Amino acid sequence: MSARAPRPSRWPFATAALGLAQVCALAACPKPADSTPDAGRPPPCESRADCPAGKVCTADKFCDDCASSGQCSLKEQCSATSYSCELRDGWGIACTTNSECQAGAWCVQGLCKDRSLVSLCPGGTKAECPQGDRCNTVNTVCEEDLGCTADADCGAGEVCNVGSHACVPRCTAETQADVCAGGEKCVAERCVQCETAADCGVGLVCDAAGRCASSQRCYQDRDCKVPLVCHAQTGSCVAKLPPCISDENCGLDQRCSVGTGKCVPRTCQPDRYEPNEDPAHAYGVAAARYPNLTLCQNDVDFFSLPLARGDQLGVNVDADPFSENAFSAVVKDSTGRTLSAGKLLVSYVAS
């Protein structure tokens, strides 16, 4: 069974004091003591583990609210309403390894998910994952790439550039000529343009990522105080941008998905079942529905399932009806012989 793609296209309180006021009008009354005790200083801490849930341990060693997501863990963000660290959408704490999930489920972003919802990276490389994801080499699953805060967040042969929050190739003085780009040098096992402003031109500074810039810049939203976000093109913390309405609201390598109001990669991205572009790599069907699939230009995806005599198979490609003529769905047997064909719909009864 195959499908072919179309071409691009946050106490308030009130108290009743009338009785007290009437009595005090007739007789001298001492001034009421302040019923609200001084809260004093926040609890002291050495690390975040000493603080209540959602609070952070500040540089002054006190538990307090967060001011930016950079004070939270990678899979958390600082809430603009509660100013506490909360899990990001799509992340959880149900598991850390696949062995903590039931059979047939995989641990992805701290959540146990069915295989049909998981993109695997058996080779342990980022190249096996859709754009914007990276490979969790422990569970060999693709997860949202949140950047890094330490080398432990990166793969083999990589180190964390804590300024840009990106995993970069590890370098040495001997390998910098091969690993680093032109104008870069190897410092603390990472390729940078500069160590200090003296390495940059007049009027430029050496930013946290080791790059010469006109001023210190943000690289991620975690660099900004909430509710501000990082505008990647300018490196400035700005008010949260409205949903995109056209490609002009997005980066050069992005386009606007008007339906969601989000900027997405401009180029077509493979779905979680790739590679399955030929019968030998057909994905074995185990569920009734497979949402959010992608067919790129001139792409053909294969899926397989066993049928017994009399079994009825119905395939519905849920795509834009106006693109019906650009799709084809075909049922073939193991020899490649076409048994039934259609566009967005095809059916077959096994003989």
# chains A, B, ... in the order shown; residues from 1 in each chain; ligands from 1
>>> select_by_dssp(residues="range 162-307 of chain A", states="alpha helix (DSSP H)", output="PyMOL selection string")
chain A and resi 176-179
>>> residues_around(residues="Gly183 in chain A", least_positions_apart="5", cutoff="10 Å", atoms="only C-alpha atoms", output="list in words")
Cys191, Val192, Gln193 and Cys194 of chain A
>>> closest_atom_pairs(of="range 111-190 of chain A", to="range 202-226 of chain A", cutoff="8 Å", atoms="only C-alpha atoms", output="JSON lines")
{"residue": "A:Asn161", "atom": "CA", "partner": "A:Ala209", "partner_atom": "CA", "distance": 6.4}
{"residue": "A:Val162", "atom": "CA", "partner": "A:Ala209", "partner_atom": "CA", "distance": 6.9}
{"residue": "A:Gly163", "atom": "CA", "partner": "A:Ala209", "partner_atom": "CA", "distance": 3.9}
{"residue": "A:Ser164", "atom": "CA", "partner": "A:Ala209", "partner_atom": "CA", "distance": 5.1}
{"residue": "A:His165", "atom": "CA", "partner": "A:Tyr219", "partner_atom": "CA", "distance": 7.5}
>>> write_last_selection(atoms="all heavy atoms", output="PDB file, in the first residue's frame")
ATOM      1  N   ASN A 161      27.882  24.660  24.058  1.00  0.00           N
ATOM      2  CA  ASN A 161      28.196  26.085  24.081  1.00  0.00           C
ATOM      3  C   ASN A 161      27.104  26.715  24.928  1.00  0.00           C
ATOM      4  O   ASN A 161      25.987  26.937  24.444  1.00  0.00           O
ATOM      5  CB  ASN A 161      28.189  26.665  22.662  1.00  0.00           C
ATOM      6  CG  ASN A 161      28.588  28.126  22.620  1.00  0.00           C
ATOM      7  OD1 ASN A 161      28.205  28.919  23.483  1.00  0.00           O
ATOM      8  ND2 ASN A 161      29.343  28.500  21.594  1.00  0.00           N
ATOM      9  N   VAL A 162      27.407  26.965  26.211  1.00  0.00           N
ATOM     10  CA  VAL A 162      26.374  27.421  27.140  1.00  0.00           C
ATOM     11  C   VAL A 162      25.862  28.808  26.803  1.00  0.00           C
ATOM     12  O   VAL A 162      24.800  29.220  27.271  1.00  0.00           O
ATOM     13  CB  VAL A 162      26.895  27.389  28.597  1.00  0.00           C
ATOM     14  CG1 VAL A 162      27.165  25.957  29.032  1.00  0.00           C
ATOM     15  CG2 VAL A 162      28.153  28.238  28.750  1.00  0.00           C
ATOM     16  N   GLY A 163      26.588  29.547  25.987  1.00  0.00           N
ATOM     17  CA  GLY A 163      26.122  30.867  25.580  1.00  0.00           C
ATOM     18  C   GLY A 163      25.002  30.798  24.565  1.00  0.00           C
ATOM     19  O   GLY A 163      23.988  31.464  24.682  1.00  0.00           O
ATOM     20  N   SER A 164      25.182  29.941  23.564  1.00  0.00           N
ATOM     21  CA  SER A 164      24.157  29.783  22.534  1.00  0.00           C
ATOM     22  C   SER A 164      23.207  28.640  22.830  1.00  0.00           C
ATOM     23  O   SER A 164      22.240  28.424  22.096  1.00  0.00           O
ATOM     24  CB  SER A 164      24.816  29.534  21.172  1.00  0.00           C
ATOM     25  OG  SER A 164      25.559  28.317  21.190  1.00  0.00           O
ATOM     26  N   HIS A 165      23.492  27.859  23.906  1.00  0.00           N
ATOM     27  CA  HIS A 165      22.666  26.708  24.312  1.00  0.00           C
ATOM     28  C   HIS A 165      22.627  25.647  23.228  1.00  0.00           C
ATOM     29  O   HIS A 165      21.642  24.914  23.097  1.00  0.00           O
ATOM     30  CB  HIS A 165      21.230  27.138  24.655  1.00  0.00           C
ATOM     31  CG  HIS A 165      21.140  28.370  25.473  1.00  0.00           C
ATOM     32  ND1 HIS A 165      21.572  28.438  26.771  1.00  0.00           N
ATOM     33  CD2 HIS A 165      20.673  29.616  25.173  1.00  0.00           C
ATOM     34  CE1 HIS A 165      21.381  29.657  27.239  1.00  0.00           C
ATOM     35  NE2 HIS A 165      20.857  30.391  26.291  1.00  0.00           N
TER      36      HIS A 165
END
>>> closest_atom_pairs(of="range 141-236 of chain A", to="range 261-276 of chain A", cutoff="12 Å", atoms="only C-alpha atoms", output="tab-separated table")
residue	atom	partner	partner_atom	distance
A:Val141	CA	A:Arg272	CA	10.1
A:Cys142	CA	A:Arg272	CA	8.8
A:Glu143	CA	A:Arg272	CA	11.2
>>> select_by_dssp(residues="range 109-340 of chain A", states="strand (DSSP E or B)", output="ChimeraX atom specification")
/A:111-114,120,133-136,141-144,158-161,166-169,185-187,190-192,205-206,212-213,225,229-231,236-238,254-257,262-265,283-284,300-304,312-316,328-332,338-340
>>> residues_around(residues="Ala103 in chain A", least_positions_apart="5", cutoff="10 Å", atoms="only C-alpha atoms", output="count of residues only")
3
>>> closest_residue(among="A:Ala350, A:Cys51, A:Leu111, A:Cys45", to="Asp311 in chain A", atoms="only C-alpha atoms")
A:Ala350
>>> atom_distance(atom1="CA of Gln176 in chain A", atom2="CA of Ala150 in chain A")
21.0 Å
>>> residues_around(residues="Cys237 in chain A", least_positions_apart="4", cutoff="6 Å", atoms="only C-alpha atoms", output="ChimeraX atom specification")
/A:224,228-230
>>> residues_around(residues="Phe62 in chain A", least_positions_apart="4", cutoff="7 Å", atoms="only C-alpha atoms", output="MDAnalysis selection string")
chainID A and resid 42:45 57:58
>>> residues_around(residues="Glu277 in chain A", least_positions_apart="6", cutoff="7 Å", atoms="only C-alpha atoms", output="short mmCIF file (atom, residue, chain, number, x, y, z; two decimals) with all heavy atoms, in the first residue's frame")
data_model
loop_
_atom_site.label_atom_id
_atom_site.label_comp_id
_atom_site.auth_asym_id
_atom_site.auth_seq_id
_atom_site.Cartn_x
_atom_site.Cartn_y
_atom_site.Cartn_z
N VAL A 300 7.01 8.66 -2.19
CA VAL A 300 6.13 7.50 -2.11
C VAL A 300 6.41 6.80 -0.80
O VAL A 300 7.56 6.44 -0.52
CB VAL A 300 6.37 6.52 -3.27
CG1 VAL A 300 5.45 5.31 -3.14
CG2 VAL A 300 6.12 7.21 -4.61
N ASP A 301 5.40 6.62 0.06
CA ASP A 301 5.56 5.93 1.34
C ASP A 301 4.82 4.61 1.30
O ASP A 301 3.70 4.52 0.79
CB ASP A 301 5.01 6.79 2.49
CG ASP A 301 5.96 7.92 2.86
OD1 ASP A 301 7.08 7.95 2.32
OD2 ASP A 301 5.59 8.78 3.69
N PHE A 302 5.46 3.56 1.85
CA PHE A 302 4.88 2.23 1.86
C PHE A 302 4.55 1.79 3.28
O PHE A 302 5.31 2.02 4.21
CB PHE A 302 5.86 1.21 1.24
CG PHE A 302 5.93 1.27 -0.26
CD1 PHE A 302 6.69 2.24 -0.90
CD2 PHE A 302 5.22 0.37 -1.04
CE1 PHE A 302 6.75 2.32 -2.27
CE2 PHE A 302 5.27 0.42 -2.42
CZ PHE A 302 6.05 1.40 -3.05
#
>>> residues_around(residues="Cys95 in chain A", least_positions_apart="4", cutoff="9 Å", atoms="only C-alpha atoms", output="PyMOL selection string")
chain A and resi 99-101+107-112
>>> decode(residues="range 252-274 of chain A", atoms="N, CA and C atoms", output="JSON list (two decimals), in the first residue's frame")
[["chain", "number", "residue", "atom", "x", "y", "z"],
["A", 252, "LEU", "N", 14.16, 33.37, 7.32],
["A", 252, "LEU", "CA", 14.41, 33.08, 5.92],
["A", 252, "LEU", "C", 14.26, 31.61, 5.59],
["A", 253, "ASP", "N", 14.55, 30.74, 6.55],
["A", 253, "ASP", "CA", 14.45, 29.31, 6.31],
["A", 253, "ASP", "C", 13.13, 28.73, 6.80],
["A", 254, "GLN", "N", 12.13, 29.61, 7.03],
["A", 254, "GLN", "CA", 10.83, 29.16, 7.52],
["A", 254, "GLN", "C", 9.70, 29.70, 6.64],
["A", 255, "ARG", "N", 8.56, 29.09, 6.78],
["A", 255, "ARG", "CA", 7.34, 29.56, 6.15],
["A", 255, "ARG", "C", 6.24, 29.60, 7.20],
["A", 256, "CYS", "N", 5.18, 30.33, 6.94],
["A", 256, "CYS", "CA", 4.09, 30.45, 7.90],
["A", 256, "CYS", "C", 3.03, 29.41, 7.64],
["A", 257, "SER", "N", 2.74, 28.60, 8.65],
["A", 257, "SER", "CA", 1.61, 27.68, 8.57],
["A", 257, "SER", "C", 0.40, 28.47, 9.06],
["A", 258, "VAL", "N", -0.36, 29.03, 8.13],
["A", 258, "VAL", "CA", -1.44, 29.94, 8.48],
["A", 258, "VAL", "C", -2.48, 29.26, 9.38],
["A", 259, "GLY", "N", -2.69, 27.98, 9.21],
["A", 259, "GLY", "CA", -3.67, 27.27, 10.01],
["A", 259, "GLY", "C", -3.35, 27.25, 11.49],
["A", 260, "THR", "N", -2.05, 27.16, 11.83],
["A", 260, "THR", "CA", -1.62, 27.11, 13.23],
["A", 260, "THR", "C", -1.04, 28.44, 13.70],
["A", 261, "GLY", "N", -0.70, 29.32, 12.76],
["A", 261, "GLY", "CA", -0.10, 30.60, 13.12],
["A", 261, "GLY", "C", 1.34, 30.45, 13.60],
["A", 262, "LYS", "N", 1.98, 29.37, 13.21],
["A", 262, "LYS", "CA", 3.35, 29.11, 13.64],
["A", 262, "LYS", "C", 4.28, 29.08, 12.44],
["A", 263, "CYS", "N", 5.52, 29.50, 12.68],
["A", 263, "CYS", "CA", 6.55, 29.41, 11.66],
["A", 263, "CYS", "C", 7.14, 28.00, 11.69],
["A", 264, "VAL", "N", 7.18, 27.36, 10.55],
["A", 264, "VAL", "CA", 7.68, 25.99, 10.45],
["A", 264, "VAL", "C", 8.79, 25.95, 9.41],
["A", 265, "PRO", "N", 9.61, 24.90, 9.40],
["A", 265, "PRO", "CA", 10.68, 24.82, 8.40],
["A", 265, "PRO", "C", 10.13, 24.96, 6.99],
["A", 266, "ARG", "N", 10.82, 25.71, 6.16],
["A", 266, "ARG", "CA", 10.36, 25.94, 4.80],
["A", 266, "ARG", "C", 10.41, 24.66, 3.97],
["A", 267, "THR", "N", 11.44, 23.88, 4.19],
["A", 267, "THR", "CA", 11.56, 22.66, 3.41],
["A", 267, "THR", "C", 10.68, 21.56, 3.99],
["A", 268, "CYS", "N", 10.24, 20.68, 3.15],
["A", 268, "CYS", "CA", 9.42, 19.55, 3.58],
["A", 268, "CYS", "C", 10.22, 18.63, 4.48],
["A", 269, "GLN", "N", 9.65, 18.25, 5.62],
["A", 269, "GLN", "CA", 10.34, 17.40, 6.59],
["A", 269, "GLN", "C", 9.78, 15.98, 6.58],
["A", 270, "PRO", "N", 10.65, 14.97, 6.66],
["A", 270, "PRO", "CA", 10.17, 13.59, 6.68],
["A", 270, "PRO", "C", 9.37, 13.30, 7.94],
["A", 271, "ASP", "N", 8.43, 12.38, 7.85],
["A", 271, "ASP", "CA", 7.66, 12.02, 9.03],
["A", 271, "ASP", "C", 8.39, 10.94, 9.83],
["A", 272, "ARG", "N", 7.75, 10.48, 10.92],
["A", 272, "ARG", "CA", 8.41, 9.58, 11.88],
["A", 272, "ARG", "C", 8.59, 8.15, 11.37],
["A", 273, "TYR", "N", 8.05, 7.82, 10.22],
["A", 273, "TYR", "CA", 8.17, 6.45, 9.71],
["A", 273, "TYR", "C", 9.22, 6.31, 8.61],
["A", 274, "GLU", "N", 9.85, 7.40, 8.25],
["A", 274, "GLU", "CA", 10.91, 7.31, 7.26],
["A", 274, "GLU", "C", 12.14, 6.61, 7.86]]
